[in-house]
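J.: For reference, this is structure.cif, and it has mmCIF, C-alpha atoms and all ligand atoms.
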data_work
#
loop_
_atom_site.label_atom_id
_atom_site.label_comp_id
_atom_site.auth_asym_id
_atom_site.auth_seq_id
_atom_site.Cartn_x
_atom_site.Cartn_y
_atom_site.Cartn_z
CA MET A 1491 -12.09 13.07 -24.26
CA GLN A 1492 -14.16 16.27 -24.23
CA GLU A 1493 -13.81 16.51 -20.45
CA ARG A 1494 -10.01 16.18 -20.71
CA ILE A 1495 -9.92 18.83 -23.43
CA GLU A 1496 -11.87 21.20 -21.16
CA ARG A 1497 -9.57 20.48 -18.20
CA LEU A 1498 -6.56 21.26 -20.38
CA ARG A 1499 -8.11 24.50 -21.65
CA ALA A 1500 -8.78 25.51 -18.05
CA ALA A 1501 -5.02 25.27 -17.42
CA PHE A 1502 -4.09 27.61 -20.31
CA LYS A 1503 -4.52 30.78 -18.27
CA ASP A 1504 -2.00 29.85 -15.57
CA ALA A 1505 0.44 28.62 -18.22
CA ASP A 1506 -0.05 31.91 -20.13
CA ILE A 1507 -0.76 30.19 -23.45
CA ASP A 1508 -3.58 30.23 -26.00
CA GLY A 1509 -3.13 26.64 -27.06
CA LEU A 1510 -0.93 23.56 -26.69
CA LEU A 1511 0.64 21.28 -29.26
CA VAL A 1512 0.65 17.81 -27.71
CA THR A 1513 3.32 15.53 -29.17
CA GLY A 1514 4.42 13.30 -26.26
CA ALA A 1515 3.16 9.83 -27.17
CA THR A 1516 1.44 9.06 -23.87
CA ASN A 1517 0.06 12.59 -23.54
CA ARG A 1518 -1.28 12.39 -27.09
CA ARG A 1519 -3.04 9.14 -26.23
CA TYR A 1520 -4.42 10.58 -22.99
CA MET A 1521 -5.75 13.71 -24.66
CA THR A 1522 -7.17 12.09 -27.80
CA GLY A 1523 -7.63 8.34 -27.31
CA PHE A 1524 -5.40 7.73 -30.36
CA THR A 1525 -3.02 4.81 -29.78
CA GLY A 1526 -0.99 5.05 -33.00
CA SER A 1527 2.59 6.20 -33.18
CA ALA A 1528 2.45 9.32 -35.38
CA GLY A 1529 0.38 12.44 -34.98
CA MET A 1530 0.04 15.77 -33.20
CA ALA A 1531 -2.86 17.19 -31.24
CA LEU A 1532 -3.35 20.95 -31.36
CA ILE A 1533 -5.74 22.15 -28.69
CA THR A 1534 -6.67 25.82 -28.57
CA ARG A 1535 -9.63 27.57 -26.97
CA GLU A 1536 -11.39 27.51 -30.35
CA GLU A 1537 -10.62 24.07 -31.73
CA ALA A 1538 -9.16 20.63 -31.16
CA LEU A 1539 -7.25 19.29 -34.16
CA PHE A 1540 -5.64 15.95 -34.65
CA LEU A 1541 -3.02 15.90 -37.39
CA THR A 1542 -1.76 12.59 -38.72
CA ASP A 1543 -0.70 10.87 -41.92
CA PHE A 1544 -2.40 8.51 -44.37
CA ARG A 1545 -1.57 5.36 -42.39
CA TYR A 1546 -3.51 6.49 -39.34
CA VAL A 1547 -6.51 8.34 -40.80
CA GLU A 1548 -9.02 5.55 -40.24
CA GLN A 1549 -7.67 4.75 -36.79
CA ALA A 1550 -7.80 8.41 -35.77
CA LYS A 1551 -11.40 8.71 -37.01
CA ALA A 1552 -12.38 5.80 -34.80
CA GLN A 1553 -10.30 6.60 -31.73
CA ALA A 1554 -10.31 10.40 -31.61
CA PRO A 1555 -13.87 11.43 -32.59
CA ASP A 1556 -13.73 14.58 -30.43
CA TYR A 1557 -11.01 16.01 -32.69
CA THR A 1558 -11.16 17.56 -36.13
CA LEU A 1559 -9.02 15.26 -38.24
CA VAL A 1560 -6.37 16.86 -40.45
CA ARG A 1561 -4.38 14.63 -42.78
CA TYR A 1562 -0.86 15.67 -43.69
CA ASP A 1563 1.81 14.68 -46.15
CA ASP A 1564 4.30 17.17 -44.71
CA PRO A 1565 3.47 17.49 -41.01
CA TYR A 1566 5.07 20.87 -40.45
CA ALA A 1567 3.75 22.48 -43.63
CA THR A 1568 0.24 21.43 -42.64
CA LEU A 1569 0.68 22.47 -39.00
CA HIS A 1570 1.92 25.94 -39.97
CA GLN A 1571 -1.02 26.39 -42.36
CA ARG A 1572 -3.45 25.58 -39.59
CA LEU A 1573 -1.62 27.94 -37.23
CA ALA A 1574 -1.94 30.93 -39.56
CA ARG A 1575 -5.22 31.92 -37.93
CA TYR A 1576 -3.45 32.19 -34.57
CA ALA A 1577 -0.95 34.79 -35.73
CA GLY A 1578 0.71 36.52 -32.81
CA ARG A 1579 -0.79 34.14 -30.23
CA ARG A 1580 1.17 32.08 -27.70
CA ILE A 1581 1.12 28.36 -28.44
CA GLY A 1582 2.77 25.95 -26.03
CA PHE A 1583 4.91 22.99 -27.04
CA GLU A 1584 5.86 20.15 -24.71
CA SER A 1585 9.48 21.06 -24.04
CA HIS A 1586 10.18 17.68 -22.40
CA HIS A 1587 8.95 15.76 -25.46
CA VAL A 1588 10.20 17.89 -28.37
CA THR A 1589 13.64 17.34 -29.87
CA VAL A 1590 15.90 20.18 -30.93
CA GLU A 1591 15.17 19.30 -34.56
CA GLN A 1592 11.42 19.34 -34.01
CA LEU A 1593 11.68 22.73 -32.34
CA GLU A 1594 13.57 24.03 -35.37
CA ASN A 1595 10.67 22.83 -37.51
CA LEU A 1596 8.14 24.56 -35.28
CA LYS A 1597 10.04 27.82 -35.41
CA ASN A 1598 10.93 27.72 -39.10
CA PRO A 1599 8.09 26.82 -41.48
CA PRO A 1600 9.20 24.97 -44.64
CA ASP A 1601 8.09 27.89 -46.85
CA GLY A 1602 10.85 30.04 -45.34
CA GLN A 1603 8.42 32.49 -43.72
CA PRO A 1604 8.66 33.23 -39.99
CA ALA A 1605 6.31 31.22 -37.76
CA ALA A 1606 2.96 32.97 -37.26
CA VAL A 1607 2.72 32.06 -33.60
CA GLU A 1608 4.97 32.51 -30.61
CA TRP A 1609 6.12 29.11 -29.36
CA VAL A 1610 6.18 28.80 -25.58
CA PRO A 1611 7.96 25.92 -23.81
CA VAL A 1612 5.54 24.20 -21.46
CA LYS A 1613 6.42 21.29 -19.19
CA GLY A 1614 4.16 18.75 -17.56
CA LEU A 1615 0.77 20.31 -18.27
CA VAL A 1616 -0.87 17.14 -19.55
CA GLU A 1617 1.04 15.08 -16.98
CA GLU A 1618 -0.58 17.27 -14.34
CA LEU A 1619 -4.02 16.21 -15.58
CA ARG A 1620 -2.91 12.59 -15.81
CA GLY A 1621 -1.85 12.64 -12.15
CA ARG A 1622 -5.43 12.40 -10.88
CA LYS A 1623 -7.05 9.28 -12.24
CA SER A 1624 -10.73 9.07 -13.16
CA GLN A 1625 -12.93 6.25 -11.95
CA GLU A 1626 -12.61 4.58 -15.34
CA GLU A 1627 -8.81 4.81 -15.23
CA LEU A 1628 -8.77 3.38 -11.70
CA GLU A 1629 -10.78 0.41 -12.91
CA LEU A 1630 -8.30 -0.27 -15.72
CA ILE A 1631 -5.33 -0.03 -13.34
CA GLN A 1632 -7.13 -2.39 -10.96
CA ALA A 1633 -7.66 -4.85 -13.82
CA ALA A 1634 -3.92 -4.75 -14.60
CA VAL A 1635 -3.13 -5.21 -10.90
CA ASP A 1636 -5.52 -8.15 -10.63
CA VAL A 1637 -3.74 -9.96 -13.48
CA ALA A 1638 -0.41 -9.45 -11.70
CA ASP A 1639 -1.86 -10.73 -8.43
CA ARG A 1640 -3.09 -13.86 -10.18
CA ALA A 1641 0.32 -14.28 -11.82
CA PHE A 1642 1.98 -14.17 -8.41
CA SER A 1643 -0.13 -16.95 -6.96
CA TYR A 1644 0.37 -18.95 -10.17
CA ILE A 1645 4.14 -18.58 -10.16
CA LEU A 1646 4.54 -19.74 -6.54
CA ASP A 1647 4.03 -23.33 -7.72
CA HIS A 1648 6.97 -22.93 -10.11
CA LEU A 1649 9.50 -21.43 -7.72
CA ARG A 1650 11.57 -24.55 -7.10
CA PRO A 1651 15.30 -25.09 -6.76
CA GLY A 1652 16.68 -25.67 -10.25
CA ALA A 1653 14.24 -23.46 -12.16
CA THR A 1654 16.18 -20.55 -13.65
CA GLU A 1655 15.34 -16.89 -13.23
CA LYS A 1656 14.75 -16.63 -16.99
CA GLU A 1657 12.33 -19.56 -16.96
CA ILE A 1658 10.32 -17.97 -14.16
CA ALA A 1659 10.25 -14.61 -15.97
CA TRP A 1660 8.97 -16.31 -19.11
CA LYS A 1661 6.26 -18.20 -17.23
CA LEU A 1662 5.11 -14.94 -15.67
CA GLU A 1663 4.96 -13.32 -19.08
CA VAL A 1664 3.04 -16.15 -20.72
CA PHE A 1665 0.57 -16.31 -17.83
CA MET A 1666 -0.17 -12.59 -17.88
CA ARG A 1667 -0.62 -12.58 -21.65
CA GLU A 1668 -2.94 -15.58 -21.46
CA GLN A 1669 -4.96 -13.69 -18.86
CA GLY A 1670 -5.57 -11.00 -21.46
CA ALA A 1671 -2.80 -8.50 -20.71
CA GLU A 1672 -1.67 -6.77 -23.90
CA ALA A 1673 1.97 -6.46 -22.88
CA LEU A 1674 4.38 -6.43 -19.99
CA ALA A 1675 4.55 -3.08 -18.23
CA PHE A 1676 8.36 -3.53 -18.13
CA PRO A 1677 10.79 -6.46 -18.38
CA SER A 1678 10.06 -8.65 -15.36
CA ILE A 1679 12.68 -8.89 -12.62
CA VAL A 1680 13.36 -12.32 -11.15
CA ALA A 1681 16.41 -12.05 -8.91
CA SER A 1682 17.54 -14.83 -6.63
CA GLY A 1683 20.22 -14.98 -3.98
CA PRO A 1684 23.04 -12.47 -4.56
CA ASN A 1685 21.33 -11.19 -7.75
CA GLY A 1686 18.64 -9.72 -5.51
CA ALA A 1687 21.14 -7.12 -4.36
CA LEU A 1688 20.73 -5.38 -7.73
CA PRO A 1689 17.43 -3.44 -7.56
CA HIS A 1690 16.97 -3.67 -11.35
CA ALA A 1691 18.49 -7.10 -11.99
CA ARG A 1692 17.69 -8.77 -15.30
CA PRO A 1693 16.75 -12.46 -15.10
CA THR A 1694 19.75 -14.74 -15.69
CA ASP A 1695 20.36 -18.44 -16.23
CA LYS A 1696 21.03 -18.79 -12.51
CA PRO A 1697 18.90 -21.55 -11.01
CA LEU A 1698 16.93 -20.80 -7.86
CA ALA A 1699 18.51 -22.45 -4.84
CA ALA A 1700 17.58 -23.35 -1.28
CA GLY A 1701 18.47 -20.82 1.38
CA GLU A 1702 17.90 -17.79 -0.89
CA PHE A 1703 15.44 -14.97 -1.23
CA VAL A 1704 13.82 -14.53 -4.67
CA THR A 1705 12.57 -11.07 -5.63
CA LEU A 1706 9.85 -10.93 -8.29
CA ASP A 1707 9.00 -7.48 -9.68
CA PHE A 1708 6.58 -7.48 -12.59
CA GLY A 1709 3.45 -5.98 -14.06
CA CYS A 1710 1.36 -5.87 -17.20
CA VAL A 1711 -0.59 -3.50 -19.40
CA TRP A 1712 -4.38 -3.66 -19.51
CA LYS A 1713 -6.06 -1.39 -22.08
CA GLY A 1714 -3.09 0.95 -21.88
CA TYR A 1715 -2.80 1.01 -18.08
CA CYS A 1716 0.10 -0.50 -16.14
CA SER A 1717 0.46 -2.55 -13.01
CA ASP A 1718 3.64 -3.05 -11.02
CA MET A 1719 4.16 -5.26 -7.97
CA THR A 1720 7.05 -6.82 -6.08
CA ARG A 1721 7.12 -9.73 -3.71
CA THR A 1722 10.15 -11.42 -2.17
CA VAL A 1723 9.81 -15.07 -1.16
CA PHE A 1724 12.22 -17.53 0.43
CA ILE A 1725 13.20 -20.98 -0.78
CA GLY A 1726 13.68 -23.33 2.13
CA ARG A 1727 14.07 -22.26 5.77
CA PRO A 1728 15.14 -18.69 6.44
CA THR A 1729 17.53 -17.94 9.28
CA ASP A 1730 16.41 -15.66 12.09
CA GLU A 1731 18.47 -12.92 10.48
CA ASP A 1732 16.66 -13.41 7.16
CA ARG A 1733 13.32 -13.10 8.94
CA VAL A 1734 14.34 -9.98 10.81
CA LEU A 1735 15.44 -8.34 7.58
CA TYR A 1736 12.20 -9.27 5.82
CA GLU A 1737 10.10 -7.97 8.71
CA LEU A 1738 12.05 -4.71 8.58
CA VAL A 1739 11.25 -4.11 4.91
CA LEU A 1740 7.64 -5.12 5.52
CA ARG A 1741 7.30 -2.68 8.43
CA ALA A 1742 8.76 0.11 6.31
CA GLN A 1743 6.39 -0.74 3.46
CA GLN A 1744 3.33 -0.78 5.72
CA ALA A 1745 4.35 2.48 7.38
CA GLY A 1746 4.76 4.05 3.93
CA VAL A 1747 1.28 2.93 2.91
CA GLU A 1748 -0.21 4.24 6.15
CA ALA A 1749 1.38 7.64 5.56
CA VAL A 1750 -0.41 8.10 2.23
CA ARG A 1751 -3.37 10.49 2.47
CA PRO A 1752 -4.50 13.76 0.89
CA GLY A 1753 -2.50 16.84 1.83
CA VAL A 1754 0.69 14.93 2.66
CA VAL A 1755 3.81 15.81 0.67
CA ALA A 1756 5.23 12.81 -1.22
CA LYS A 1757 8.70 13.17 0.32
CA ASP A 1758 7.23 12.81 3.81
CA VAL A 1759 5.84 9.42 2.82
CA ASP A 1760 9.32 8.48 1.63
CA ALA A 1761 10.82 9.69 4.91
CA THR A 1762 8.37 7.68 7.01
CA ALA A 1763 9.45 4.42 5.40
CA ARG A 1764 13.11 5.40 5.04
CA ASN A 1765 13.48 6.30 8.72
CA ILE A 1766 12.42 2.82 9.78
CA ILE A 1767 15.10 1.24 7.62
CA ALA A 1768 17.69 3.80 8.67
CA GLU A 1769 16.97 3.38 12.39
CA ALA A 1770 17.60 -0.35 12.00
CA GLY A 1771 21.03 0.47 10.56
CA TYR A 1772 20.28 -0.34 6.92
CA GLY A 1773 19.84 3.19 5.59
CA ASP A 1774 22.81 2.84 3.24
CA PHE A 1775 21.26 -0.27 1.71
CA PHE A 1776 18.03 1.43 0.57
CA GLY A 1777 19.39 3.64 -2.18
CA HIS A 1778 16.33 4.39 -4.30
CA GLY A 1779 13.11 6.33 -3.93
CA LEU A 1780 10.17 4.79 -2.10
CA GLY A 1781 7.89 4.78 -5.12
CA HIS A 1782 6.52 6.36 -8.27
CA GLY A 1783 3.28 7.33 -9.92
CA ILE A 1784 1.78 4.91 -12.45
CA GLY A 1785 -0.92 4.94 -15.08
CA LEU A 1786 -0.52 4.92 -18.85
CA ASP A 1787 3.23 4.95 -18.13
CA VAL A 1788 4.77 2.59 -15.61
CA HIS A 1789 6.81 5.44 -14.12
CA GLU A 1790 4.98 8.73 -13.73
CA GLU A 1791 6.14 11.79 -11.82
CA ILE A 1792 2.84 12.36 -10.02
CA PRO A 1793 3.34 11.31 -7.34
CA ARG A 1794 7.03 10.44 -7.01
CA PHE A 1795 7.80 9.27 -3.47
CA SER A 1796 11.44 10.22 -3.02
CA THR A 1797 13.55 12.41 -0.77
CA ARG A 1798 12.80 15.28 -3.19
CA GLY A 1799 9.18 14.42 -4.03
CA GLY A 1800 7.30 17.72 -3.77
CA VAL A 1801 3.86 16.62 -4.95
CA VAL A 1802 1.06 17.23 -2.44
CA LEU A 1803 -1.11 14.12 -2.50
CA GLU A 1804 -4.66 14.41 -3.81
CA PRO A 1805 -7.46 11.88 -4.15
CA GLY A 1806 -7.15 9.88 -7.37
CA MET A 1807 -3.36 9.83 -7.46
CA VAL A 1808 -1.92 6.32 -7.88
CA GLY A 1809 1.60 5.29 -6.92
CA SER A 1810 3.81 2.48 -5.75
CA ILE A 1811 5.23 2.02 -2.26
CA GLU A 1812 8.32 -0.15 -2.66
CA PRO A 1813 11.09 0.02 -0.07
CA GLY A 1814 13.95 -2.44 -0.31
CA VAL A 1815 17.15 -3.50 1.40
CA TYR A 1816 20.03 -4.65 -0.80
CA LEU A 1817 23.08 -6.35 0.67
CA PRO A 1818 25.90 -6.71 -1.89
CA GLY A 1819 27.01 -10.30 -2.35
CA ARG A 1820 24.17 -11.58 -0.21
CA GLY A 1821 20.79 -10.63 -1.59
CA GLY A 1822 17.90 -8.25 -1.45
CA ILE A 1823 14.35 -7.83 -0.30
CA ARG A 1824 11.74 -5.51 -1.83
CA ILE A 1825 7.99 -5.36 -1.30
CA GLU A 1826 5.80 -3.23 -3.59
CA ASP A 1827 2.11 -2.42 -3.66
CA LEU A 1828 0.15 0.09 -5.70
CA VAL A 1829 -2.06 2.46 -3.74
CA VAL A 1830 -4.64 5.06 -4.71
CA VAL A 1831 -5.10 8.17 -2.61
CA THR A 1832 -8.70 8.39 -1.35
CA GLU A 1833 -10.62 11.20 0.41
CA ASP A 1834 -9.31 10.17 3.83
CA GLY A 1835 -6.27 7.98 3.25
CA CYS A 1836 -5.45 5.41 0.62
CA ARG A 1837 -6.60 2.09 -0.71
CA ILE A 1838 -4.17 -0.71 -1.57
CA LEU A 1839 -4.83 -2.07 -5.04
CA THR A 1840 -2.44 -5.04 -4.77
CA LYS A 1841 -4.06 -7.96 -2.95
CA SER A 1842 -1.28 -10.61 -2.66
CA THR A 1843 -0.14 -11.42 0.87
CA LYS A 1844 2.96 -9.69 2.20
CA GLU A 1845 3.64 -12.26 4.90
CA LEU A 1846 6.93 -14.05 4.21
CA ILE A 1847 6.24 -17.07 2.00
CA CYS A 1848 8.71 -19.94 2.47
CA LEU A 1849 8.59 -22.44 -0.36
CA PRO A 1850 9.74 -26.07 -0.13
CA ALA A 1851 13.37 -26.52 -1.07
ZN ZN B 1901 8.09 -2.84 -9.56
ZN ZN B 1902 7.63 0.19 -9.20
#
So, in terms of structure tokens, how does the structure I just supplied come out?
Ligand code: ZN
Ligand code: ZN
T.:
Amino acid sequence: MQERIERLRAAFKDADIDGLLVTGATNRRYMTGFTGSAGMALITREEALFLTDFRYVEQAKAQAPDYTLVRYDDPYATLHQRLARYAGRRIGFESHHVTVEQLENLKNPPDGQPAAVEWVPVKGLVEELRGRKSQEELELIQAAVDVADRAFSYILDHLRPGATEKEIAWKLEVFMREQGAEALAFPSIVASGPNGALPHARPTDKPLAAGEFVTLDFGCVWKGYCSDMTRTVFIGRPTDEDRVLYELVLRAQQAGVEAVRPGVVAKDVDATARNIIAEAGYGDFFGHGLGHGIGLDVHEEIPRFSTRGGVVLEPGMVGSIEPGVYLPGRGGIRIEDLVVVTEDGCRILTKSTKELICLPA
């Protein structure tokens, strides 16, 4: 974690702060290695403290050895004591992770004295570091992706008319856990027929049926890192219209992937894919962003591929490319891969085929 601490310190100057209190759960994990649910990291130019309570002392010793461990009974009393030496200095807090009540506690020490430091709202500083993945992080994401790929080929044998969406979702979950995943990255989506028209459909008791698309969107967590993939398959024989629609989404997805390279603005990747769908007359039926960053969290802002995505792509950024077309009452198609930006383009992490799979009815 020493390297991450140094990268954070290097960002203090531009943020005009002398230190940062890291309290966002994922940021805390990224900066310290600590996976527990209570604690604060205080990183200044002079020191790196990890403050936590009795329950987590042993865990913090093991997981966050680069930090000076401070045990508290009253978190804010202890924090303010440790901050006394920084009197008059500017200490950042993560404004997007701190509640109004927590801010009150930062500004008003329990002893009734004024806070020694000046609290400065800071947004997205650790997220900025998290946006460019290290080699080790890329390997963990790839491991999570590989489990999902295996789950997809496994589940194909179970996609039969009569099996319910819930049953398929459960089989996916069991398979990924048996493969060593520690959790689902998010509740799996299994949406068949008309249910596929809802981009974030929850699995229902509806049985799969011949003549329908089935959208499967799922992923797992591997040592903290998430995967996320979507494939849409067909049960039985698709009509020509079904095929044309599938090919359209596939073309948009491939064009999106091909647009990913360093220096490109995320929204231009979104536009590349979106234009293809719009030119075919389905622009109104693709109502979400093209994709999102991913890492320790399944949805990360860097890079967000949407009509407003302003991130300039850099090597090491990882995101999803997932266009879809959703026809109310009829169904939907979405195809999603994860890609990593490389020095001269991008590499697709997801390996499952994107050709239309038609399963026996
Ligand atoms: Zn997904
Ligand atoms: Zn996604």
J.: Which chain A residues have any atom within 6 Å of an atom of ligand ZN 1901 (chain B), and for each, what is the nearest pair of atoms with distance in Å to one decimal, counting only C-alpha atoms and all ligand atoms, rows sorted by chain and number, as a tab-separated table?
T.:
residue	atom	partner	partner_atom	distance
A:Asp1707	CA	B:ZN1901	ZN	4.7
A:Phe1708	CA	B:ZN1901	ZN	5.7
A:Asp1718	CA	B:ZN1901	ZN	4.7
A:Met1719	CA	B:ZN1901	ZN	4.9
A:Thr1720	CA	B:ZN1901	ZN	5.4
J.: Within 12 Å of Cys1848 of chain A, counting only C-alpha atoms, which residues qualify if same-chain residues fewer than 3 places away don't, as an NGL selection string?
T.: :A and (1646-1647 or 1649-1650 or 1700-1704 or 1722-1729 or 1732-1733 or 1736 or 1844-1845 or 1851)
J.: Taking only C-alpha atoms and all ligand atoms into account, which residues have an atom no farther than 10 Å from ligand ZN 1902 (chain B)? I'd like them as a VMD selection string.
T.: chain A and resid 1676 1707 to 1709 1717 to 1720 1779 to 1784 1788 to 1789 1809 to 1813 1825 to 1828
J.: What does the distance between atom CA of Pro1793 of chain A and atom CA of Val1612 of chain A come to in Å, to one decimal place?
T.: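 These two atoms are separated by 19.2 Å.
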J.: Separation of atom CA of Tyr1644 of chain A and atom CA of Glu1629 of chain A, in Å?
T.: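 Calculated distance between atom CA of Tyr1644 of chain A and atom CA of Glu1629 of chain A is 22.5 Å.
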J.: Please work out which residues fall within 8 Å of (14.6, -20.7, -15.3), coordinates as given in the file, with all atoms listed in the file counting, and return them as a VMD selection string.
T.: chain A and resid 1652 to 1659 1694 to 1698
J.: Just how far from atom CA of Glu1791 of chain A is atom CA of His1778 of chain A, in Å to one decimal?
T.: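 Computing it gives 14.7 Å between the two atoms.
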J.: Mind checking which residues fall within 7 Å of Ala1742 of chain A, counting all atoms listed in the file, ignoring those fewer than 5 positions away in the same chain, and posting them as a list of chain:residue names?
T.: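 Contacts, with the query itself left out: A:Ala1763, A:Arg1764, A:Ile1766, A:Ile1767, A:Pro1813.
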J.: Considering only C-alpha atoms, can you say which of A:Val1680, A:Leu1786, A:Ala1505, A:Leu1510 comes closest to Thr1525 of chain A?
T.: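 For Thr1525 of chain A, the nearest of the candidates is A:Leu1786.
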J.: If we count all atoms listed in the file and set the cut-off at 10 Å, which residues sit around Asp1601 of chain A, ignoring sequence neighbours fewer than 2 positions away in its own chain? Please answer as a ChimeraX atom specification.
T.: /A:1566-1567,1570,1598-1599,1603-1605
J.: Which one of A:Arg1751, A:Lys1623, A:His1690, A:His1587 sits closest to Gly1777 of chain A if you count all atoms listed in the file?
T.: A:His1690
J.: Set the distance at 9 Å and use only C-alpha atoms: which residues neighbour segment 1768-1775 of chain A once local chain neighbours fewer than 5 positions away are removed? I'd like the list as a ChimeraX atom specification.
T.: /A:1738,1763,1814-1818
J.: Which is closer to Thr1762 of chain A than all the others in A:Thr1568, A:Gln1592, A:Thr1832, A:Ser1796, using only C-alpha atoms?
T.: A:Ser1796
J.: For Ile1838 of chain A, which residue out of A:Ala1673, A:Leu1688, A:Leu1628, A:Ile1495 is the nearest one, using all atoms listed in the file?
T.: A:Leu1628
